[in-house]
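start00.pdb, holding PDB, C-alpha atoms:
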```pdb
ATOM      1  CA  LEU A  15       0.000   0.000   0.000
ATOM      2  CA  TRP A  16       2.807   2.420   0.910
ATOM      3  CA  SER A  17       4.598   1.927  -2.434
ATOM      4  CA  LEU A  18       1.326   2.546  -4.278
ATOM      5  CA  LEU A  19       0.520   5.685  -2.247
ATOM      6  CA  SER A  20       4.028   7.103  -2.489
ATOM      7  CA  ARG A  21       3.825   7.037  -6.301
ATOM      8  CA  SER A  22       0.274   8.414  -6.524
ATOM      9  CA  PRO A  23       0.117  11.981  -7.929
ATOM     10  CA  LEU A  24      -2.766  12.848  -5.606
ATOM     11  CA  PHE A  25      -0.888  11.648  -2.509
ATOM     12  CA  ARG A  26       2.245  13.526  -3.606
ATOM     13  CA  LEU A  27       0.318  16.784  -3.976
ATOM     14  CA  GLU A  28       1.526  19.415  -1.491
ATOM     15  CA  SER A  29      -2.047  20.096  -0.395
ATOM     16  CA  PHE A  30      -3.119  16.477  -0.020
ATOM     17  CA  GLU A  31      -3.896  16.757   3.717
ATOM     18  CA  PRO A  32      -6.095  19.888   3.557
ATOM     19  CA  LEU A  33      -7.964  18.520   0.554
ATOM     20  CA  LEU A  34      -8.450  15.161   2.290
ATOM     21  CA  ALA A  35      -9.694  16.949   5.425
ATOM     22  CA  VAL A  36     -12.222  18.989   3.425
ATOM     23  CA  ALA A  37     -13.391  15.948   1.465
ATOM     24  CA  SER A  38     -13.806  13.980   4.718
ATOM     25  CA  PHE A  39     -15.686  16.868   6.329
ATOM     26  CA  LEU A  40     -18.048  17.158   3.355
ATOM     27  CA  PHE A  41     -18.636  13.399   3.391
ATOM     28  CA  PHE A  42     -19.527  13.339   7.095
ATOM     29  CA  LEU A  43     -21.598  16.511   6.781
ATOM     30  CA  SER A  44     -23.581  14.825   3.997
ATOM     31  CA  CYS A  45     -24.124  11.767   6.184
ATOM     32  CA  PHE A  46     -25.386  13.933   9.055
ATOM     33  CA  TYR A  47     -27.638  15.834   6.663
ATOM     34  CA  VAL A  48     -29.246  12.615   5.460
ATOM     35  CA  LEU A  49     -29.634  11.330   9.022
ATOM     36  CA  ASP A  50     -31.040  14.616  10.308
ATOM     37  CA  ASN A  51     -33.470  15.251   7.480
ATOM     38  CA  HIS A  52     -34.462  11.844   6.137
ATOM     39  CA  CYS A  53     -34.176   9.315   8.964
ATOM     40  CA  ALA A  54     -36.873   9.698  11.603
ATOM     41  CA  TRP A  55     -35.148   7.251  13.978
ATOM     42  CA  ALA A  56     -32.018   9.441  14.075
ATOM     43  CA  ARG A  57     -33.897  12.519  15.272
ATOM     44  CA  ARG A  58     -33.961  11.159  18.825
ATOM     45  CA  PHE A  59     -30.219  11.889  18.992
ATOM     46  CA  ARG A  60     -30.650  15.620  18.392
ATOM     47  CA  ILE A  61     -29.489  17.936  21.127
ATOM     48  CA  ARG A  62     -32.883  19.655  21.060
ATOM     49  CA  ARG A  63     -35.397  17.057  19.932
ATOM     50  CA  ASP A  64     -38.260  19.550  19.991
ATOM     51  CA  ASN A  65     -36.512  21.795  17.455
ATOM     52  CA  ASN A  66     -37.439  21.039  13.845
ATOM     53  CA  ASP A  67     -35.877  24.221  12.490
ATOM     54  CA  MET A  68     -33.751  23.146   9.550
ATOM     55  CA  ARG A  69     -32.372  26.597   8.704
ATOM     56  CA  ALA A  70     -28.937  25.509   9.879
ATOM     57  CA  TRP A  71     -28.734  23.162   6.881
ATOM     58  CA  ARG A  72     -29.866  25.799   4.383
ATOM     59  CA  VAL A  73     -27.138  27.159   2.145
ATOM     60  CA  GLU A  74     -27.719  30.773   1.193
ATOM     61  CA  GLY A  75     -25.881  32.105  -1.831
ATOM     62  CA  PHE A  76     -22.173  31.400  -1.734
ATOM     63  CA  GLY A  77     -22.009  31.200   2.070
ATOM     64  CA  ARG A  78     -20.607  27.685   2.333
ATOM     65  CA  ALA A  79     -18.308  28.206  -0.643
ATOM     66  CA  ARG A  80     -16.953  31.363   0.988
ATOM     67  CA  GLU A  81     -16.342  29.488   4.237
ATOM     68  CA  LEU A  82     -14.575  26.739   2.337
ATOM     69  CA  LEU A  83     -12.379  29.261   0.547
ATOM     70  CA  LEU A  84     -11.555  31.059   3.807
ATOM     71  CA  TYR A  85     -10.434  27.722   5.202
ATOM     72  CA  LEU A  86      -8.566  26.387   2.179
ATOM     73  CA  VAL A  87      -6.884  29.429   0.602
ATOM     74  CA  PRO A  88      -4.367  30.060   3.423
ATOM     75  CA  LEU A  89      -3.495  26.350   3.566
ATOM     76  CA  LEU A  90      -3.097  26.072  -0.201
ATOM     77  CA  ALA A  91      -1.054  29.296  -0.298
ATOM     78  CA  PHE A  92       1.275  27.966   2.405
ATOM     79  CA  ASP A  93       1.661  24.666   0.562
ATOM     80  CA  PHE A  94       2.423  26.526  -2.660
ATOM     81  CA  CYS A  95       5.006  28.810  -1.011
ATOM     82  CA  VAL A  96       6.691  26.129   1.083
ATOM     83  CA  PRO A  97       6.912  22.931  -0.985
ATOM     84  CA  ARG A  98       8.120  20.071   1.143
ATOM     85  CA  ARG A  99       6.070  16.942   0.536
ATOM     86  CA  ALA A 100       7.458  15.322  -2.624
ATOM     87  CA  ASN A 101      11.076  15.257  -1.444
ATOM     88  CA  ARG A 102      10.131  13.722   1.896
ATOM     89  CA  ILE A 103       7.979  11.029   0.296
ATOM     90  CA  ASP A 104      10.756   9.933  -2.043
ATOM     91  CA  HIS A 105      13.087   9.158   0.868
ATOM     92  CA  ALA A 106      10.548   8.152   3.504
ATOM     93  CA  PRO A 107      10.653   4.658   4.951
ATOM     94  CA  LEU A 108       7.557   2.570   5.459
ATOM     95  CA  PRO A 109       5.487   4.202   8.219
ATOM     96  CA  VAL A 110       5.546   2.475  11.617
ATOM     97  CA  ALA A 111       2.221   1.984  13.423
ATOM     98  CA  TRP A 112       3.264   3.525  16.764
ATOM     99  CA  ARG A 113       4.633   6.623  15.054
ATOM    100  CA  VAL A 114       1.520   7.092  12.911
ATOM    101  CA  THR A 115      -0.596   6.739  16.070
ATOM    102  CA  ALA A 116       1.559   9.214  18.021
ATOM    103  CA  GLU A 117       1.492  11.745  15.165
ATOM    104  CA  LEU A 118      -2.268  11.362  14.801
ATOM    105  CA  VAL A 119      -2.813  11.990  18.531
ATOM    106  CA  ALA A 120      -0.440  14.981  18.430
ATOM    107  CA  CYS A 121      -2.264  16.416  15.392
ATOM    108  CA  VAL A 122      -5.647  16.068  17.082
ATOM    109  CA  LEU A 123      -4.343  17.823  20.218
ATOM    110  CA  VAL A 124      -2.760  20.657  18.220
ATOM    111  CA  TYR A 125      -5.877  21.005  16.050
ATOM    112  CA  ASP A 126      -8.112  21.147  19.118
ATOM    113  CA  ALA A 127      -5.918  23.781  20.780
ATOM    114  CA  LEU A 128      -5.826  25.907  17.610
ATOM    115  CA  PHE A 129      -9.588  25.510  17.128
ATOM    116  CA  PHE A 130     -10.140  26.726  20.701
ATOM    117  CA  VAL A 131      -7.882  29.760  20.205
ATOM    118  CA  CYS A 132      -9.538  30.668  16.881
ATOM    119  CA  HIS A 133     -13.026  30.209  18.308
ATOM    120  CA  LEU A 134     -12.108  32.335  21.326
ATOM    121  CA  ALA A 135     -10.778  35.025  18.966
ATOM    122  CA  MET A 136     -14.047  34.984  17.029
ATOM    123  CA  HIS A 137     -15.921  35.691  20.238
ATOM    124  CA  SER A 138     -13.432  38.358  21.380
ATOM    125  CA  SER A 139     -13.342  40.501  18.234
ATOM    126  CA  GLU A 140     -16.434  42.306  16.972
ATOM    127  CA  ALA A 141     -15.269  42.037  13.364
ATOM    128  CA  LEU A 142     -14.708  38.285  13.601
ATOM    129  CA  PHE A 143     -17.883  37.723  15.625
ATOM    130  CA  ALA A 144     -19.967  39.417  12.923
ATOM    131  CA  TYR A 145     -18.811  36.659  10.557
ATOM    132  CA  HIS A 146     -19.082  33.948  13.202
ATOM    133  CA  ALA A 147     -22.443  34.932  14.741
ATOM    134  CA  LYS A 148     -24.542  32.906  12.316
ATOM    135  CA  HIS A 149     -23.022  29.823  13.939
ATOM    136  CA  HIS A 150     -25.074  30.666  17.041
ATOM    137  CA  THR A 151     -28.365  31.653  15.388
ATOM    138  CA  HIS A 152     -29.923  28.304  14.436
ATOM    139  CA  GLY A 153     -31.341  27.600  17.873
ATOM    140  CA  THR A 154     -29.352  24.588  19.083
TER     141      THR A 154
END
```
Using structure tokens, write down the structure that the file contains.
Amino acid sequence: LWSLLSRSPLFRLESFEPLLAVASFLFFLSCFYVLDNHCAWARRFRIRRDNNDMRAWRVEGFGRARELLLYLVPLLAFDFCVPRRANRIDHAPLPVAWRVTAELVACVLVYDALFFVCHLAMHSSEALFAYHAKHHTHGT
């Protein structure tokens, strides 16, 4: 599997991780959408079961596309300006399970810390909160 992945043009792309993260997010978001809107048995797991307001799922204009661009553009720009992936893949040994696990745990911890700091900043700055406020308006 590693030899196949290491030769794959998609895997060698500098922005493979951000694109994989976005694709995974969209996949899971689609699954939750189907569960929330089309599976009556899943509604019992809602935080507010009495709330049938589906405005949170509604996409207005280019809102979601703008959010996606605001997330991806800085990551893609960094990957474009600081190429580093292809050279490391060419000389990388087969990944070891404990190291992959340790790196995954470290990434989740760093992501969670950065998410907290960014979310705190959005609540601390009026300019950022104006963009972020819609996150709190759907009633859950």
Q) Which of these, A:Leu18, A:Val124, A:Arg60, A:Val131, has the shortest distance to A:Phe46 once you count only C-alpha atoms? A)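 When distances to A:Phe46 are compared using only C-alpha atoms, the smallest one comes from A:Arg60.
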Q. What is the distance between atom CA of A:Ala144 and atom CA of A:Leu89, in Å to one decimal?
A. 23.0 Å
Q | Residue contacts of A:Leu90 (12 Å, all atoms listed in the file) excluding same-chain residues fewer than 4 positions away, as a PyMOL selection string | A | chain A and resi 27-33+82-86+94-97
Q | Selection: 10 Å around stretch 107-121 of chain A, all atoms listed in the file, excl. self and same-chain fewer than 3 positions, as a ChimeraX atom specification | A | /A:15-17,20,102-104,124-127
Q: Quick one: pull the distance between atom CA of A:Val122 and atom CA of A:Cys45, Å, one decimal.
A: 21.9 Å
Q: Could you tell me how far atom CA of A:Cys132 lies from atom CA of A:His146, in Å and to one decimal?
A: 10.7 Å
